[in-house]
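Data file: input12.cif. Format and content: mmCIF, C-alpha atoms.
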```cif
data_work
loop_
_atom_site.label_atom_id
_atom_site.label_comp_id
_atom_site.auth_asym_id
_atom_site.auth_seq_id
_atom_site.Cartn_x
_atom_site.Cartn_y
_atom_site.Cartn_z
CA MET A 217 98.11 -68.98 48.26
CA ASP A 218 97.94 -65.37 49.27
CA TYR A 219 99.12 -64.32 45.83
CA ASN A 220 96.32 -66.18 44.12
CA TYR A 221 93.81 -64.82 46.52
CA SER A 222 94.89 -61.27 45.90
CA TYR A 223 94.99 -61.81 42.15
CA VAL A 224 91.49 -63.19 42.15
CA SER A 225 90.31 -60.32 44.31
CA LYS A 226 91.82 -57.77 41.96
CA LYS A 227 90.25 -59.50 38.96
CA LYS A 228 86.85 -59.50 40.60
CA ALA A 229 87.22 -55.87 41.42
CA GLN A 230 88.07 -55.03 37.81
CA ASN A 231 85.17 -57.09 36.56
CA ASN A 232 82.79 -55.29 38.91
CA ARG A 233 84.04 -51.88 37.73
CA PHE A 234 83.56 -52.88 34.08
CA LEU A 235 80.05 -54.10 34.79
CA ILE A 236 79.17 -50.84 36.49
CA VAL A 237 80.49 -48.79 33.54
CA PHE A 238 78.67 -51.02 31.03
CA LEU A 239 75.40 -50.74 32.89
CA SER A 240 75.81 -46.98 33.21
CA LEU A 241 76.27 -46.69 29.45
CA LEU A 242 73.48 -49.11 28.66
CA LEU A 243 70.80 -47.51 30.91
CA PRO A 244 70.32 -44.14 28.95
CA TRP A 245 70.08 -46.00 25.64
CA HIS A 246 67.47 -48.30 27.07
CA GLU A 247 65.27 -45.37 28.30
CA GLY A 248 65.48 -43.50 24.91
CA PHE A 249 64.54 -46.62 23.08
CA ALA A 250 61.52 -47.15 25.30
CA GLU A 251 60.41 -43.57 24.82
CA GLU A 252 60.72 -43.86 21.04
CA LEU A 253 58.62 -46.98 21.14
CA ASN A 254 55.93 -45.15 23.10
CA ASN A 255 55.83 -42.25 20.55
CA VAL A 256 55.32 -44.63 17.66
CA ASP A 257 52.38 -46.27 19.40
CA LEU A 258 50.80 -42.85 20.16
CA LEU A 259 51.10 -41.74 16.52
CA LYS A 260 49.37 -44.88 15.40
CA GLU A 261 46.51 -44.20 17.80
CA TYR A 262 46.13 -40.63 16.45
CA LYS A 263 46.03 -41.81 12.86
CA LYS A 264 43.41 -44.36 13.72
CA LEU A 265 41.26 -41.75 15.53
CA LEU A 266 41.56 -39.27 12.59
CA ALA A 267 40.43 -41.93 10.14
CA GLU A 268 37.36 -42.64 12.29
CA GLN A 269 36.52 -38.92 12.49
CA GLN A 270 36.75 -38.57 8.70
CA LYS A 271 34.35 -41.47 8.28
CA GLU A 272 31.88 -39.80 10.71
CA PHE A 273 32.19 -36.47 8.85
CA GLN A 274 31.44 -38.14 5.50
CA ILE A 275 28.34 -39.76 6.99
CA GLN A 276 27.06 -36.44 8.44
CA ARG A 277 27.71 -34.64 5.13
CA LYS A 278 25.69 -37.23 3.25
CA ILE A 279 22.79 -36.88 5.73
CA ILE A 280 22.76 -33.06 5.32
CA ALA A 281 22.78 -33.37 1.52
CA ASP A 282 19.85 -35.81 1.63
CA GLN A 283 17.86 -33.48 3.90
CA GLY A 284 18.55 -30.52 1.53
CA GLN A 285 17.18 -32.51 -1.41
CA GLU A 286 14.07 -33.40 0.58
CA LEU A 287 13.49 -29.72 1.45
CA GLN A 288 13.80 -28.71 -2.23
CA GLN A 289 11.28 -31.38 -3.22
CA MET A 290 8.82 -30.30 -0.51
CA LYS A 291 9.14 -26.61 -1.57
CA ALA A 292 8.54 -27.51 -5.22
CA ARG A 293 5.43 -29.51 -4.28
CA LEU A 294 4.10 -26.67 -2.13
CA ASP A 295 4.60 -24.11 -4.93
CA ALA A 296 2.91 -26.42 -7.39
CA LEU A 297 -0.10 -26.92 -5.12
CA SER A 298 -0.52 -23.20 -4.39
CA ASN A 299 -0.04 -21.97 -7.99
CA GLN A 300 -1.36 -24.71 -10.25
CA ALA A 301 -3.97 -26.66 -8.29
CA PRO A 302 -7.53 -25.62 -9.36
CA SER A 303 -10.10 -24.45 -6.83
CA ASN A 304 -13.17 -26.44 -5.85
CA LYS A 305 -15.34 -24.09 -7.89
CA GLN A 306 -13.25 -24.64 -11.05
CA VAL A 307 -13.36 -28.43 -10.57
CA ALA A 308 -17.14 -28.28 -10.19
CA GLU A 309 -17.55 -26.18 -13.34
CA ASN A 310 -15.10 -28.29 -15.41
CA PRO A 311 -15.37 -31.88 -14.12
CA LYS A 312 -13.64 -33.31 -17.19
CA LYS A 313 -10.61 -31.10 -16.87
CA PRO A 314 -7.64 -33.05 -15.43
CA VAL A 315 -6.52 -32.02 -12.00
CA VAL A 316 -2.89 -31.05 -11.61
CA THR A 317 -1.36 -33.04 -8.79
CA ALA A 318 1.78 -32.44 -6.80
CA ALA A 319 3.73 -35.05 -8.78
CA THR A 320 2.80 -33.66 -12.20
CA SER A 321 3.37 -30.10 -11.04
CA GLN A 322 6.77 -31.06 -9.75
CA ARG A 323 7.70 -32.58 -13.13
CA SER A 324 6.39 -29.57 -15.08
CA ALA A 325 7.71 -26.90 -12.72
CA PRO A 326 10.53 -24.80 -14.17
CA PRO A 327 13.97 -25.02 -12.62
CA PRO A 328 14.52 -22.62 -9.70
CA ASN A 329 17.29 -20.78 -11.53
CA GLN A 330 15.14 -20.05 -14.61
CA LEU A 331 13.81 -16.46 -14.78
CA PRO A 332 10.14 -15.77 -15.74
CA ASP A 333 9.60 -14.66 -19.35
CA LYS A 334 6.84 -12.18 -18.35
CA PRO A 335 6.77 -9.29 -15.84
CA VAL A 336 5.77 -10.34 -12.34
CA GLY A 337 3.33 -8.19 -10.31
CA LYS A 338 1.98 -4.77 -11.21
CA ASP A 339 3.68 -1.80 -12.73
CA PRO A 340 5.05 0.31 -9.82
CA THR A 341 4.37 3.51 -11.80
CA GLU A 342 0.65 2.78 -11.86
CA LYS A 343 -1.09 4.85 -9.18
CA LYS A 344 -4.47 4.15 -7.72
CA GLY A 345 -6.98 6.89 -7.31
CA MET A 346 -7.53 8.42 -3.91
CA GLU A 347 -11.01 8.48 -2.48
CA ARG A 348 -10.26 11.69 -0.60
CA PRO A 349 -7.72 14.49 -1.07
CA PRO A 350 -4.81 14.57 1.41
CA GLU A 351 -5.08 16.86 4.42
CA ILE A 352 -2.82 19.92 4.56
CA PRO A 353 -2.97 22.95 6.88
CA ARG A 354 -5.73 25.34 5.77
CA LEU A 355 -4.25 28.53 4.34
CA SER A 356 -7.46 30.08 2.99
CA GLU A 357 -11.09 29.25 2.27
CA THR A 358 -10.08 27.46 -0.95
CA VAL A 359 -6.68 25.95 -0.08
CA GLY A 360 -6.04 23.37 2.62
CA GLY A 361 -8.06 21.37 5.06
CA VAL A 362 -9.90 18.20 4.16
CA LEU A 363 -13.39 17.54 2.80
CA THR A 364 -15.98 16.56 5.40
CA ARG A 365 -17.07 12.93 5.18
CA LYS A 366 -20.61 11.94 4.29
CA GLY A 367 -23.09 12.34 7.13
CA LYS A 368 -20.70 14.31 9.37
CA ILE A 369 -20.74 17.95 10.41
CA ALA A 370 -17.69 20.03 11.30
CA ILE A 371 -18.02 23.01 13.63
CA GLU A 372 -15.09 25.41 13.22
CA PRO A 373 -14.57 28.41 15.51
CA SER A 374 -11.78 30.68 14.37
CA LEU A 375 -10.02 33.87 15.40
CA GLN A 376 -8.25 36.14 12.92
CA TYR A 377 -6.02 39.16 13.48
CA GLY A 378 -4.75 41.58 10.84
CA TYR A 379 -2.44 44.58 11.03
CA SER A 380 -1.40 47.12 8.41
CA ASP A 381 0.68 50.29 8.54
CA ASN A 382 1.07 52.60 5.56
CA TYR A 383 1.52 56.21 4.55
CA ARG A 384 -0.75 58.23 2.30
CA VAL A 385 -0.09 61.54 0.62
CA PHE A 386 -3.08 63.69 -0.41
CA LEU A 387 -2.37 66.47 -2.89
CA ASP A 388 -5.05 69.04 -3.72
CA ALA A 389 -2.88 71.59 -5.53
CA TYR A 390 -1.27 72.57 -8.82
CA THR A 391 2.36 72.97 -9.81
CA PHE A 392 3.85 75.65 -12.03
CA ILE A 393 7.47 74.43 -11.96
CA PRO A 394 8.78 71.00 -10.88
CA ALA A 395 8.85 70.38 -7.11
CA ILE A 396 6.79 73.50 -6.33
CA ALA A 397 3.09 73.02 -5.56
CA ILE A 398 0.40 75.47 -4.49
CA GLY A 399 -2.57 74.10 -2.56
CA LEU A 400 -3.25 71.50 0.17
CA ILE A 401 -0.64 68.78 0.77
CA ASP A 402 -1.63 66.31 3.50
CA ILE A 403 0.61 63.43 4.67
CA ARG A 404 -1.04 60.72 6.76
CA GLN A 405 0.12 57.61 8.57
CA ILE A 406 -2.61 55.00 9.05
CA LYS A 407 -2.33 52.06 11.49
CA ARG A 408 -5.17 49.57 11.24
CA HIS A 409 -5.97 46.64 13.56
CA THR A 410 -8.65 44.10 12.67
CA MET A 411 -10.01 41.33 14.88
CA MET A 412 -12.51 38.86 13.47
CA ALA A 413 -14.12 35.95 15.32
CA SER A 414 -16.20 33.61 13.20
CA LEU A 415 -18.15 30.39 13.51
CA ALA A 416 -18.46 28.03 10.56
CA ALA A 417 -20.39 24.82 9.98
CA ARG A 418 -19.51 22.32 7.23
CA TYR A 419 -21.67 19.35 6.27
CA GLY A 420 -20.59 16.37 4.17
CA ILE A 421 -23.29 15.67 1.60
CA THR A 422 -21.12 12.88 0.16
CA ASP A 423 -17.51 11.89 0.71
CA ARG A 424 -16.58 14.19 -2.20
CA TRP A 425 -19.02 17.07 -1.71
CA GLU A 426 -19.41 19.44 1.25
CA PHE A 427 -21.36 22.61 2.07
CA GLU A 428 -20.19 25.41 4.39
CA LEU A 429 -21.77 28.40 6.11
CA ARG A 430 -19.65 31.00 7.94
CA MET A 431 -20.75 34.01 10.01
CA PRO A 432 -18.04 36.42 11.29
CA TYR A 433 -18.04 39.17 13.88
CA VAL A 434 -15.62 42.02 13.12
CA TYR A 435 -13.95 44.60 15.33
CA ARG A 436 -11.75 47.24 13.68
CA THR A 437 -9.80 50.21 14.90
CA ASP A 438 -7.83 52.82 12.91
CA THR A 439 -5.37 55.44 14.05
CA GLN A 440 -4.64 58.21 11.54
CA ARG A 441 -1.92 60.77 12.13
CA SER A 442 -1.89 63.73 9.79
CA ARG A 443 0.26 66.85 9.28
CA PRO A 444 -0.64 69.27 6.49
CA VAL A 445 2.51 70.90 5.20
CA ASP A 446 0.96 74.06 3.74
CA ILE A 447 -0.45 75.60 6.94
CA SER A 448 2.70 75.36 9.10
CA ALA A 449 1.18 72.96 11.62
CA ALA A 450 3.38 72.63 14.70
CA THR A 451 1.93 69.29 15.90
CA ASP A 452 0.41 66.22 14.29
CA GLU A 453 -3.35 65.77 14.21
CA THR A 454 -4.43 62.30 15.40
CA PHE A 455 -7.83 60.80 14.70
CA ASN A 456 -9.10 57.46 16.03
CA ALA A 457 -12.04 55.49 14.65
CA SER A 458 -13.44 52.04 15.38
CA GLY A 459 -16.28 49.79 14.35
CA SER A 460 -17.73 46.49 15.49
CA SER A 461 -20.60 44.46 14.12
CA ILE A 462 -21.33 41.25 12.25
CA GLY A 463 -19.40 40.83 9.04
CA ASP A 464 -20.40 39.55 5.63
CA LEU A 465 -21.99 36.10 5.51
CA GLU A 466 -20.02 33.51 3.50
CA ILE A 467 -21.59 30.51 1.75
CA ALA A 468 -19.27 27.96 0.16
CA THR A 469 -19.40 24.55 -1.45
CA ARG A 470 -16.56 22.24 -2.52
CA TYR A 471 -16.57 19.17 -4.73
CA GLN A 472 -13.77 16.72 -5.55
CA LEU A 473 -13.73 16.45 -9.34
CA THR A 474 -11.02 13.81 -9.88
CA SER A 475 -9.53 10.97 -7.85
CA GLY A 476 -5.92 11.47 -8.92
CA ALA A 477 -5.60 8.13 -10.75
CA ASN A 478 -2.89 7.36 -13.33
CA GLY A 479 -0.57 10.09 -12.12
CA TRP A 480 -3.08 12.95 -12.50
CA PRO A 481 -3.53 15.57 -9.75
CA ILE A 482 -6.59 15.71 -7.54
CA LEU A 483 -8.87 18.57 -8.59
CA VAL A 484 -11.33 20.21 -6.20
CA GLY A 485 -13.86 22.77 -7.39
CA ASN A 486 -14.77 25.62 -5.01
CA VAL A 487 -17.55 28.20 -5.11
CA LEU A 488 -17.60 31.01 -2.51
CA THR A 489 -20.41 33.56 -2.26
CA THR A 490 -20.29 36.64 0.00
CA VAL A 491 -23.53 38.27 1.16
CA PRO A 492 -23.22 41.91 2.37
CA THR A 493 -24.64 41.53 5.87
CA GLY A 494 -22.02 43.72 7.56
CA LYS A 495 -21.83 47.48 7.93
CA SER A 496 -21.36 48.93 4.44
CA PRO A 497 -18.63 51.55 3.81
CA PHE A 498 -21.20 53.55 1.80
CA ASP A 499 -23.28 54.05 4.94
CA ILE A 500 -20.42 55.61 6.92
CA GLU A 501 -20.52 59.35 7.68
CA TYR A 502 -17.38 61.46 7.36
CA VAL A 503 -16.52 64.48 9.50
CA ASN A 504 -14.10 67.34 8.94
CA ALA A 505 -10.93 67.25 10.97
CA GLN A 506 -10.28 70.18 13.27
CA GLY A 507 -7.23 72.24 12.37
CA VAL A 508 -6.81 70.54 8.99
CA PRO A 509 -8.87 72.35 6.33
CA GLY A 510 -10.29 70.01 3.69
CA ALA A 511 -9.36 66.82 5.53
CA THR A 512 -12.17 64.40 6.42
CA TYR A 513 -12.19 61.28 8.58
CA PRO A 514 -14.78 58.48 8.96
CA SER A 515 -16.93 58.63 12.07
CA GLU A 516 -16.87 54.82 12.33
CA LEU A 517 -15.36 51.91 10.41
CA PRO A 518 -17.27 49.46 8.19
CA THR A 519 -17.37 45.71 8.88
CA GLY A 520 -18.36 44.61 5.38
CA VAL A 521 -17.69 45.41 1.71
CA GLY A 522 -21.20 46.57 0.79
CA TYR A 523 -21.76 44.40 -2.33
CA PHE A 524 -22.30 40.78 -3.39
CA SER A 525 -19.37 38.75 -4.67
CA PHE A 526 -19.16 35.38 -6.41
CA GLN A 527 -15.83 33.50 -6.52
CA PRO A 528 -15.34 30.20 -8.39
CA SER A 529 -11.92 28.52 -8.17
CA ILE A 530 -10.06 25.29 -8.88
CA THR A 531 -7.61 23.69 -6.46
CA ALA A 532 -5.09 21.10 -7.64
CA LEU A 533 -3.37 18.69 -5.24
CA TYR A 534 -0.51 16.38 -6.22
CA PRO A 535 0.58 13.97 -3.47
CA THR A 536 4.24 12.85 -3.44
CA ASP A 537 4.63 11.25 -0.04
CA PRO A 538 5.46 12.85 2.37
CA ALA A 539 4.88 16.18 0.54
CA VAL A 540 1.76 17.46 -1.21
CA PHE A 541 2.06 20.14 -3.90
CA PHE A 542 -0.95 22.43 -4.32
CA GLY A 543 -2.07 25.26 -6.55
CA ASN A 544 -5.22 27.36 -6.89
CA ILE A 545 -6.57 29.80 -9.44
CA SER A 546 -9.67 31.92 -8.81
CA TYR A 547 -11.78 34.68 -10.29
CA ASN A 548 -13.85 36.95 -8.08
CA TYR A 549 -16.83 38.63 -9.69
CA ASN A 550 -17.95 41.69 -7.67
CA THR A 551 -21.40 43.04 -8.44
CA GLU A 552 -22.25 46.71 -8.96
CA THR A 553 -24.11 48.62 -6.29
CA LYS A 554 -26.24 51.75 -6.58
CA GLN A 555 -25.62 54.54 -4.10
CA ASN A 556 -26.73 58.16 -3.76
CA PHE A 557 -23.69 59.31 -5.73
CA GLY A 558 -24.33 56.87 -8.60
CA THR A 559 -23.46 53.32 -9.63
CA PHE A 560 -20.27 51.96 -8.14
CA ASP A 561 -18.39 49.07 -9.76
CA PRO A 562 -15.71 47.73 -7.36
CA GLY A 563 -13.87 45.84 -10.12
CA ASP A 564 -13.30 42.10 -10.37
CA THR A 565 -10.38 40.18 -8.89
CA ILE A 566 -8.20 37.41 -10.27
CA GLY A 567 -5.87 35.45 -8.05
CA PHE A 568 -3.62 32.43 -7.76
CA SER A 569 -1.68 30.62 -5.07
CA PHE A 570 0.76 27.71 -4.90
CA GLY A 571 2.94 25.89 -2.41
CA LEU A 572 3.49 22.57 -0.69
CA GLY A 573 2.40 20.78 2.45
CA PHE A 574 4.69 18.44 4.35
CA GLY A 575 3.63 15.77 6.83
CA ILE A 576 6.00 15.45 9.79
CA ASN A 577 4.09 12.51 11.26
CA ASP A 578 0.52 11.21 11.40
CA ARG A 579 -0.56 14.13 13.64
CA THR A 580 1.56 17.11 12.60
CA SER A 581 2.06 18.87 9.27
CA PHE A 582 3.06 22.28 7.96
CA SER A 583 2.81 24.10 4.64
CA LEU A 584 4.47 26.94 2.75
CA GLY A 585 2.89 28.94 -0.04
CA TYR A 586 2.40 32.22 -1.82
CA SER A 587 -0.84 34.00 -2.75
CA HIS A 588 -1.35 36.92 -5.12
CA ARG A 589 -4.53 38.78 -6.11
CA HIS A 590 -4.97 41.57 -8.62
CA VAL A 591 -7.98 43.89 -8.23
CA PHE A 592 -8.99 45.61 -11.44
CA THR A 593 -9.88 49.30 -11.70
CA SER A 594 -13.02 50.48 -9.91
CA ALA A 595 -15.51 52.77 -11.66
CA VAL A 596 -18.28 55.23 -10.78
CA ASN A 597 -21.05 55.68 -13.34
CA GLY A 598 -18.87 53.90 -15.90
CA ILE A 599 -15.85 56.18 -15.37
CA ASP A 600 -12.71 54.45 -14.13
CA ILE A 601 -11.13 55.67 -10.93
CA LYS A 602 -7.46 56.17 -11.65
CA GLY A 603 -5.09 54.53 -9.20
CA SER A 604 -7.75 52.16 -7.83
CA GLU A 605 -5.96 48.98 -8.99
CA LEU A 606 -4.55 46.84 -6.20
CA ASP A 607 -1.98 44.05 -6.03
CA ILE A 608 -2.19 41.98 -2.86
CA GLY A 609 0.62 39.47 -2.34
CA GLN A 610 1.22 37.35 0.75
CA PHE A 611 3.72 34.75 1.84
CA LEU A 612 1.80 31.95 3.62
CA VAL A 613 2.89 29.61 6.40
CA GLY A 614 0.55 27.02 7.90
CA TYR A 615 0.76 24.55 10.77
CA SER A 616 -1.68 21.78 11.70
CA PHE A 617 -1.83 19.52 14.77
CA LYS A 618 -4.37 16.70 15.14
CA TYR A 619 -5.26 16.87 18.83
CA SER A 620 -7.75 13.98 18.62
CA PRO A 621 -9.58 12.05 15.88
CA GLN A 622 -12.33 14.70 16.05
CA THR A 623 -10.39 17.92 16.77
CA THR A 624 -7.58 19.65 14.88
CA PHE A 625 -5.64 22.84 15.65
CA ASN A 626 -4.76 24.89 12.59
CA LEU A 627 -2.61 28.04 12.59
CA SER A 628 -1.76 30.08 9.48
CA LEU A 629 0.34 33.20 9.01
CA GLY A 630 0.26 35.61 6.07
CA ILE A 631 3.04 38.16 5.59
CA GLY A 632 2.40 40.98 3.12
CA THR A 633 4.81 41.22 0.19
CA THR A 634 3.22 44.20 -1.60
CA ASP A 635 2.26 47.71 -0.46
CA ASP A 636 -1.47 46.99 -0.81
CA ALA A 637 -1.40 43.86 1.37
CA GLN A 638 -1.78 43.66 5.13
CA GLY A 639 1.52 43.51 6.96
CA VAL A 640 0.46 40.56 9.13
CA ASN A 641 -2.52 38.25 8.95
CA LEU A 642 -2.76 35.58 11.66
CA ASN A 643 -5.57 33.01 11.67
CA PHE A 644 -6.31 30.26 14.21
CA ARG A 645 -8.93 27.58 13.44
CA MET A 646 -10.17 24.63 15.48
CA PRO A 647 -12.44 22.33 13.43
CA MET A 648 -14.37 19.71 15.41
CA THR A 649 -16.13 16.86 13.60
CA PHE A 650 -19.32 15.16 14.78
CA ASP A 651 -21.72 12.55 13.42
CA PHE A 652 -24.88 13.92 11.82
CA ILE A 653 -27.83 12.76 9.76
CA SER A 654 -26.81 11.26 6.40
CA VAL A 655 -28.71 12.13 3.25
CA ASP A 656 -28.51 9.69 0.31
CA LEU A 657 -28.08 11.39 -3.07
#
```
Write the structure described by the file as structure tokens, please.
Amino acid sequence: MDYNYSYVSKKKAQNNRFLIVFLSLLLPWHEGFAEELNNVDLLKEYKKLLAEQQKEFQIQRKIIADQGQELQQMKARLDALSNQAPSNKQVAENPKKPVVTAATSQRSAPPPNQLPDKPVGKDPTEKKGMERPPEIPRLSETVGGVLTRKGKIAIEPSLQYGYSDNYRVFLDAYTFIPAIAIGLIDIRQIKRHTMMASLAARYGITDRWEFELRMPYVYRTDTQRSRPVDISAATDETFNASGSSIGDLEIATRYQLTSGANGWPILVGNVLTTVPTGKSPFDIEYVNAQGVPGATYPSELPTGVGYFSFQPSITALYPTDPAVFFGNISYNYNTETKQNFGTFDPGDTIGFSFGLGFGINDRTSFSLGYSHRHVFTSAVNGIDIKGSELDIGQFLVGYSFKYSPQTTFNLSLGIGTTDDAQGVNLNFRMPMTFDFISVDL
């Protein structure tokens, strides 16, 4: 009885151990299987969601394509209406002419990718004419500035300063072998300062034609230092002279000849007349210098030239934004004058100038140029004065600032490039424009 009981107990114990081992082996396999089942279900859900998203994307793509086609149709109709539909005036004049509608224009309109068989627009090389020449800094009475508009008057005060310094050698002697002279040899250094204040008035007869009147007041001073080398002078002789009075009256007119259409330059005709209202050099008395035999000096300085002059010229302007090229050619006819010593012919003058103006902005501009004048030989009683020819060359720099719509500041500088030219010529102008009475011509 006890043996059976123990045998049964041992058998139960073995069976329990086997069950525990079996369950321990079976439990991991059961969890992996469950996890694998869950992954399969999740993959199916993802595939289903992706298919739905693809369907939605296809629907949205179709909607966008339909909207694009509608926009192309609306654009074609709009172009047809704006380009091919006749105006009310044309319909009234031609009532029998069929009216082009949006539908017919859409059918007859060329494809958008087809290029036109004729040029579109205007030729870019074609240039329109300019009603007025471009404004550049004024370098002289014939170059720069701008023409005064019709019915307006411009008042221009100006201040000019000039300085020159040169040496002169006077020889009143004869030579018998080279480098040896017998007689008077006088070497002089002359420093000349000139101040000129003037007031000008310009009136615009039309938009292309103006008239100007200018009256200057001149102050001059000269310092001459001389040392004759034939009298063994120990010190230099210095002589000062000055003069102040009104200068020569200037009358000018300018007219714009061309508008600059079709690539041609703008041409402006200028006429400048000088009336000898200043102190003439022929009315100046000369005195003998003390200590320098044969040397004479003027008692005062003239403020005018002493004769009439007439100067026509042509100015050409070629705008190439932002620069403006300019050029001028002139001929100055100087009239003869009769004096107590006979008839004096000062000789005519021919000149030219060229350069360019550059606009920095709508209020500021500057210009660079060169001017050259050749004065022909002077004559007394028909006999030429040898050595009286002059060549006057200057390098020109101009600057302009538009202070207000009515007022402009203009500064120009001339630097002498030849022996006969002034060393420095500085000119400041301030034109101010006002409304005036208009005259219809």
Sorted by chain and rising residue number, which residues of range 410-434 of chain A lie within 8 Å of range 466-472 of chain A, and what are their closest atom pairs and distances in Å to one decimal, counting only C-alpha atoms, as CSV?
```
residue,atom,partner,partner_atom,distance
A:Arg424,CA,A:Gln472,CA,5.1
A:Trp425,CA,A:Tyr471,CA,4.4
A:Glu426,CA,A:Arg470,CA,5.5
A:Phe427,CA,A:Thr469,CA,4.5
A:Glu428,CA,A:Ala468,CA,5.0
A:Leu429,CA,A:Ile467,CA,4.8
A:Arg430,CA,A:Glu466,CA,5.1
A:Met431,CA,A:Glu466,CA,6.6
```
Within 8 Å of (-21.9, 40.2, -6.3) (coordinates as in the file), grab all the protein and nucleic acid residues, counting all atoms listed in the file, and write them out as a short mmCIF file (atom, residue, chain, number, x, y, z; two decimals) with C-alpha atoms, keeping the file's coordinate frame.
```cif
data_model
loop_
_atom_site.label_atom_id
_atom_site.label_comp_id
_atom_site.auth_asym_id
_atom_site.auth_seq_id
_atom_site.Cartn_x
_atom_site.Cartn_y
_atom_site.Cartn_z
CA THR A 489 -20.41 33.56 -2.26
CA THR A 490 -20.29 36.64 0.00
CA VAL A 491 -23.53 38.27 1.16
CA TYR A 523 -21.76 44.40 -2.33
CA PHE A 524 -22.30 40.78 -3.39
CA SER A 525 -19.37 38.75 -4.67
CA PHE A 526 -19.16 35.38 -6.41
CA TYR A 549 -16.83 38.63 -9.69
CA ASN A 550 -17.95 41.69 -7.67
CA THR A 551 -21.40 43.04 -8.44
CA GLU A 552 -22.25 46.71 -8.96
#
```
Exercise for the section: Could you please determine the separation between CA of Pro621 in chain A and CA of Gly367 in chain A in Å, to one decimal place? Expected result: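 CA of Gly367 in chain A lies at a distance of 16.1 Å from CA of Pro621 in chain A.
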Problem - Expansion of the PyMOL selection byres ((chain A and resi 599-614) around 7) into residues, as a PyMOL selection string - result: chain A and resi 353-355+582-598+615-616+627-634+636-637
Exercise for the section: Calculate how many Å separate CA of Asn456 in chain A from CA of Thr553 in chain A, rounding to one decimal. Expected result: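 CA of Asn456 in chain A sits 28.3 Å away from CA of Thr553 in chain A.
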Practice task
Record the distance separating CA of Gly459 in chain A and CA of Lys407 in chain A, expressed in Å with one decimal.
Solution key: 14.4 Å
Practice task
Determine the residue set returned by the PyMOL selection byres ((chain A and resi 375-378) around 9) for the present structure, and present it as a VMD selection string.
Solution key: chain A and resid 373 to 374 379 to 380 408 to 414 638 to 645
Take the residues just selected and output them with C-alpha atoms as a PDB file, in the coordinates of the input.
```
ATOM      1  CA  PRO A 373     -14.570  28.410  15.510  1.00  0.00           C
ATOM      2  CA  SER A 374     -11.780  30.680  14.370  1.00  0.00           C
ATOM      3  CA  TYR A 379      -2.440  44.580  11.030  1.00  0.00           C
ATOM      4  CA  SER A 380      -1.400  47.120   8.410  1.00  0.00           C
ATOM      5  CA  ARG A 408      -5.170  49.570  11.240  1.00  0.00           C
ATOM      6  CA  HIS A 409      -5.970  46.640  13.560  1.00  0.00           C
ATOM      7  CA  THR A 410      -8.650  44.100  12.670  1.00  0.00           C
ATOM      8  CA  MET A 411     -10.010  41.330  14.880  1.00  0.00           C
ATOM      9  CA  MET A 412     -12.510  38.860  13.470  1.00  0.00           C
ATOM     10  CA  ALA A 413     -14.120  35.950  15.320  1.00  0.00           C
ATOM     11  CA  SER A 414     -16.200  33.610  13.200  1.00  0.00           C
ATOM     12  CA  GLN A 638      -1.780  43.660   5.130  1.00  0.00           C
ATOM     13  CA  GLY A 639       1.520  43.510   6.960  1.00  0.00           C
ATOM     14  CA  VAL A 640       0.460  40.560   9.130  1.00  0.00           C
ATOM     15  CA  ASN A 641      -2.520  38.250   8.950  1.00  0.00           C
ATOM     16  CA  LEU A 642      -2.760  35.580  11.660  1.00  0.00           C
ATOM     17  CA  ASN A 643      -5.570  33.010  11.670  1.00  0.00           C
ATOM     18  CA  PHE A 644      -6.310  30.260  14.210  1.00  0.00           C
ATOM     19  CA  ARG A 645      -8.930  27.580  13.440  1.00  0.00           C
TER      20      ARG A 645
END
```
Practice task
Neighbourhood query: residues within 10 Å of (3.7, 16.4, 6.9), file coordinates, counting all atoms listed in the file; return as number ranges by chain.
Solution key: A: 351-353, 537-540, 572-583, 615-616
Long-range neighbours of Phe542 in chain A as a JSON list (two decimals) with C-alpha atoms, in the frame of the given file, 8 Å cut-off, all atoms listed in the file, 6 positions minimum in chain:
```json
[["chain", "number", "residue", "atom", "x", "y", "z"],
["A", 359, "VAL", "CA", -6.68, 25.95, -0.08],
["A", 531, "THR", "CA", -7.61, 23.69, -6.46],
["A", 532, "ALA", "CA", -5.09, 21.10, -7.64],
["A", 533, "LEU", "CA", -3.37, 18.69, -5.24],
["A", 534, "TYR", "CA", -0.51, 16.38, -6.22],
["A", 570, "PHE", "CA", 0.76, 27.71, -4.90],
["A", 571, "GLY", "CA", 2.94, 25.89, -2.41],
["A", 572, "LEU", "CA", 3.49, 22.57, -0.69],
["A", 573, "GLY", "CA", 2.40, 20.78, 2.45]]
```
Practice task
Name the residues in contact with Lys366 in chain A at a cut-off of 7 Å, using only C-alpha atoms, excluding same-chain residues fewer than 4 positions from it; report them as a PyMOL selection string.
Solution key: chain A and resi 420-423+654
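Checking A:Arg293, A:Asn504, A:Ala267, A:Thr536 one by one against Trp480 in chain A, counting all atoms listed in the file, you find the shortest gap at A:Thr536.
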Exercise for the section: Write out as a PyMOL selection string which residues come within 7 Å of Pro518 in chain A when counting all atoms listed in the file, dropping same-chain ones fewer than 3 positions away. Expected result: chain A and resi 459+495-497
Problem - Nearest candidate to Leu483 in chain A (options A:Ala296, A:Ile530, A:Leu465, A:Ala457; using only C-alpha atoms) - result: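 Checking each candidate against Leu483 in chain A, we get A:Ile530 as the closest.
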Exercise for the section: To verify the selection step, state as a PyMOL selection string which residues the PyMOL selection byres ((chain A and resi 370-372) around 7) yields on this input. Expected result: chain A and resi 368-369+373-374+415-419+645-650
